[in-house]
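Notes follow once the structure below has been shown.
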Amino acid sequence: MEILSQLWSFLGLLTVLQNILPSQFLSLLHSLYESLQDFFTPFSYFDIPEFNGYCSVDLNELYRHVTLYLNSLHNSAACRRLSLSRSKSSNRISFTVAPNHSVHDIFNGQRISWTHQVETVQDSLDEKRSFSLKIPKRHRHALLPLYLDHITATAAEFERTSRERRLFTNNGNASSYDSGWVSVPFRHPSTFETLALETELKKQIMEDLTAFAAGREFYSRVGRAWKRGYLLYGPPGSGKSSLIAAMANFLCYDVYDLELTKVSDNSELRSLLIQTTNRSVIVIEDIDCSVDLTADRVSKAAARDDNEEEVGRVTLSGLLNFTDGLWSCCGEERIVVFTTNFREKIDPALVRCGRMDVHVSLGTCGPAAFRTLVKNYLEIESHVLFDVVDSCIRSGGGLTPAQIGEILLRNRRDADVAMREVIAALQARVLGGGGGRGAAEYDEIVMRSPESVLVVGSPENWDSSPGKYVGKRRKEAPASEKKVNFLVRLRSLTKSDSGRRGV
């Protein structure tokens, strides 16, 4: 009781002194106390408010980065209380540090603490939020810049991979006031793991995309806009749209599906380009059918005066400026994709180096692509009839992934029936002379001039225009000789398969 009475006496004395002493003197004592506390404490403290300045209008970008960074830690054990949330359009659960609670982090061997401070503004329902960073004082000069750079980089990567991605299409109403795009969530399931492509081609595309995504400093150093063009061509059902979706999922980019028939003129085309975001894939499908861009430019020039400007339509010049002109550099980290069923119908100016950097030819399934489809649809990785299918493919039997996928889907409950039906379809293609180029052409990836052609797929889809092929190619056998050889190999494989089954 004596101690309590002395404590109350001391508090009473402090109250009396606070009322008697001048406010300036009290402020001086408070400053002196804080200085002594800062001198003896082994930590330094940094506040990161939600808004910059006193008007609470300008959002502090560093506060947003810290929020994303702490969300990426996934270390709930380091904090006693977390706030969990999930948006309507996402299945991902995110967490934030609960008000006035702390979470700990380790960086360069040093223990770092974050405290989420939330204060209610007097006479208002608003809240004042900030993060308080506590780091060892003796390492703060060397540690703080590196740690903040680490936070920014980690937050950017976390935002890229975790944000909800969107699929946009133009609505024919682009202007300086209204957005020309409407969007829905992008949830296409295609990935490179499930994509029916030959292994080497798939590897080359993934390596090219990875190098592009990490090429900010490279593109800045060489003075080029940070963008890359892909031309995907091949027959219907060869997987062009699936490849685009796999590319977007691989890079975690938004997708802009540009419908040229809805674009009134070149000015609207530029407006649409300006409204696209960074880290996006801009797609123009069936470009040879979208608008009249592929007609002979000589005949066009003869039909009208060279100085006359075409109005009221998208021109080849406008599309060239869209892909590689000054307006193409208004954003960064963009991929432009053209697709077509007939590469030869596209104006050469659209597919030259610097516009379409990578040409990918897609066609009928090779052995590796077929096995991927079987794994996807039938959930098996081996079958006794795989050798028969490989023989059909090498003999010129060609079916697109869409055609094979439909057969497997229809018979997905019985793998044997599905395999026999695929073989029957391949045999009909070989005997009917509808296959692609045969033997060994699925076993190599063909590199071709000009240099803009980096990777290609099934080589039977290349036209006969001049080009340099890397690797030795076999001489094409006559169709009748191919059929005889195919039947002989098929008969021997069928016998060996019957022997393994004990027939």
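By order of appearance in the structure tokens: chains A, B, ..., then residues from 1 within every chain, and ligands from 1 in the order shown.
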
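Once stretch 135-139 of chain A and its same-chain neighbours fewer than 5 positions away are set aside, Pro42, Phe43, Ser44, Tyr45, Ile112 and Ser113 of chain A remain within 7 Å of it when counting only C-alpha atoms.
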
Filtering to all heavy atoms, could you give me those residues as a PDB file, in the first residue's frame?
```pdb
ATOM      1  N   PRO A  42      18.767  -0.006 -29.803  1.00  0.00           N
ATOM      2  CA  PRO A  42      19.586  -0.597 -30.876  1.00  0.00           C
ATOM      3  C   PRO A  42      18.870  -0.630 -32.220  1.00  0.00           C
ATOM      4  O   PRO A  42      19.407  -1.192 -33.189  1.00  0.00           O
ATOM      5  CB  PRO A  42      19.831  -2.022 -30.358  1.00  0.00           C
ATOM      6  CG  PRO A  42      18.639  -2.329 -29.519  1.00  0.00           C
ATOM      7  CD  PRO A  42      18.205  -1.034 -28.900  1.00  0.00           C
ATOM      8  N   PHE A  43      17.661  -0.046 -32.323  1.00  0.00           N
ATOM      9  CA  PHE A  43      16.895  -0.124 -33.561  1.00  0.00           C
ATOM     10  C   PHE A  43      16.609   1.264 -34.126  1.00  0.00           C
ATOM     11  O   PHE A  43      16.586   2.255 -33.396  1.00  0.00           O
ATOM     12  CB  PHE A  43      15.559  -0.854 -33.325  1.00  0.00           C
ATOM     13  CG  PHE A  43      15.718  -2.268 -32.840  1.00  0.00           C
ATOM     14  CD1 PHE A  43      15.550  -2.575 -31.496  1.00  0.00           C
ATOM     15  CD2 PHE A  43      16.054  -3.283 -33.728  1.00  0.00           C
ATOM     16  CE1 PHE A  43      15.693  -3.871 -31.044  1.00  0.00           C
ATOM     17  CE2 PHE A  43      16.199  -4.588 -33.286  1.00  0.00           C
ATOM     18  CZ  PHE A  43      16.036  -4.884 -31.946  1.00  0.00           C
ATOM     19  N   SER A  44      16.380   1.267 -35.448  1.00  0.00           N
ATOM     20  CA  SER A  44      15.903   2.480 -36.124  1.00  0.00           C
ATOM     21  C   SER A  44      14.494   2.212 -36.636  1.00  0.00           C
ATOM     22  O   SER A  44      14.172   1.090 -37.054  1.00  0.00           O
ATOM     23  CB  SER A  44      16.818   2.847 -37.301  1.00  0.00           C
ATOM     24  OG  SER A  44      18.071   3.279 -36.851  1.00  0.00           O
ATOM     25  N   TYR A  45      13.658   3.250 -36.608  1.00  0.00           N
ATOM     26  CA  TYR A  45      12.254   3.107 -36.994  1.00  0.00           C
ATOM     27  C   TYR A  45      11.959   4.028 -38.177  1.00  0.00           C
ATOM     28  O   TYR A  45      12.411   5.177 -38.225  1.00  0.00           O
ATOM     29  CB  TYR A  45      11.335   3.455 -35.823  1.00  0.00           C
ATOM     30  CG  TYR A  45      11.468   2.518 -34.643  1.00  0.00           C
ATOM     31  CD1 TYR A  45      12.457   2.722 -33.679  1.00  0.00           C
ATOM     32  CD2 TYR A  45      10.618   1.430 -34.489  1.00  0.00           C
ATOM     33  CE1 TYR A  45      12.593   1.873 -32.591  1.00  0.00           C
ATOM     34  CE2 TYR A  45      10.742   0.564 -33.404  1.00  0.00           C
ATOM     35  CZ  TYR A  45      11.733   0.795 -32.467  1.00  0.00           C
ATOM     36  OH  TYR A  45      11.874  -0.060 -31.391  1.00  0.00           O
ATOM     37  N   ILE A 112      13.958  -8.238 -39.134  1.00  0.00           N
ATOM     38  CA  ILE A 112      13.265  -6.988 -39.435  1.00  0.00           C
ATOM     39  C   ILE A 112      11.801  -7.141 -39.040  1.00  0.00           C
ATOM     40  O   ILE A 112      11.197  -8.194 -39.242  1.00  0.00           O
ATOM     41  CB  ILE A 112      13.387  -6.647 -40.931  1.00  0.00           C
ATOM     42  CG1 ILE A 112      14.868  -6.419 -41.291  1.00  0.00           C
ATOM     43  CG2 ILE A 112      12.551  -5.429 -41.291  1.00  0.00           C
ATOM     44  CD1 ILE A 112      15.110  -6.267 -42.772  1.00  0.00           C
ATOM     45  N   SER A 113      11.230  -6.084 -38.468  1.00  0.00           N
ATOM     46  CA  SER A 113       9.842  -6.141 -38.008  1.00  0.00           C
ATOM     47  C   SER A 113       9.013  -5.072 -38.705  1.00  0.00           C
ATOM     48  O   SER A 113       9.474  -3.941 -38.920  1.00  0.00           O
ATOM     49  CB  SER A 113       9.760  -5.938 -36.487  1.00  0.00           C
ATOM     50  OG  SER A 113      10.421  -6.986 -35.806  1.00  0.00           O
TER      51      SER A 113
END
```

List every residue of stretch 17-172 of chain A that DSSP, applied to the backbone of this structure, assigns to alpha helix (DSSP H), and report them as an NGL selection string.
:A and (17-20 or 23-40 or 61-73 or 140-162)

Residues of stretch 51-288 of chain A in strand (DSSP E) according to DSSP, as an NGL selection string?
:A and (51-52 or 58-59 or 82-85 or 94-97 or 101-107 or 110-120 or 127-136 or 166-170 or 181-185 or 227-233 or 254-257 or 280-284)

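Reported to one decimal place, the separation of atom CA of A:Gly354 from atom CA of A:Arg224 is 9.5 Å.
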
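The residue that comes closest to A:Arg394, out of A:Val430, A:Ile284, A:Ile407, A:Val337 and on the basis of only C-alpha atoms, is A:Val430.
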
Which residues are near A:Pro235? Cut-off 7 Å, only C-alpha atoms, ignore same chain within fewer than 3 positions. Put them as a PyMOL selection string.
chain A and resi 238+341+363

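Between atom CA of A:Val351 and atom CA of A:Leu319 the separation is 11.5 Å.
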
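Among the candidates A:Ala213, A:Val182, A:Val121, A:Leu362, the one nearest to A:Ser241 when counting only C-alpha atoms is A:Leu362.
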
Mind checking which residues fall within 8 Å of A:Ala196, counting only C-alpha atoms, ignoring those fewer than 3 positions away in the same chain, and posting them as number ranges by chain?
A: 239, 365, 368-370, 372-373, 401

Near A:Leu231, within 6 Å and counting only C-alpha atoms, which residues show up once chain neighbours fewer than 4 positions away are dropped, as a PyMOL selection string?
chain A and resi 337-339+356+359
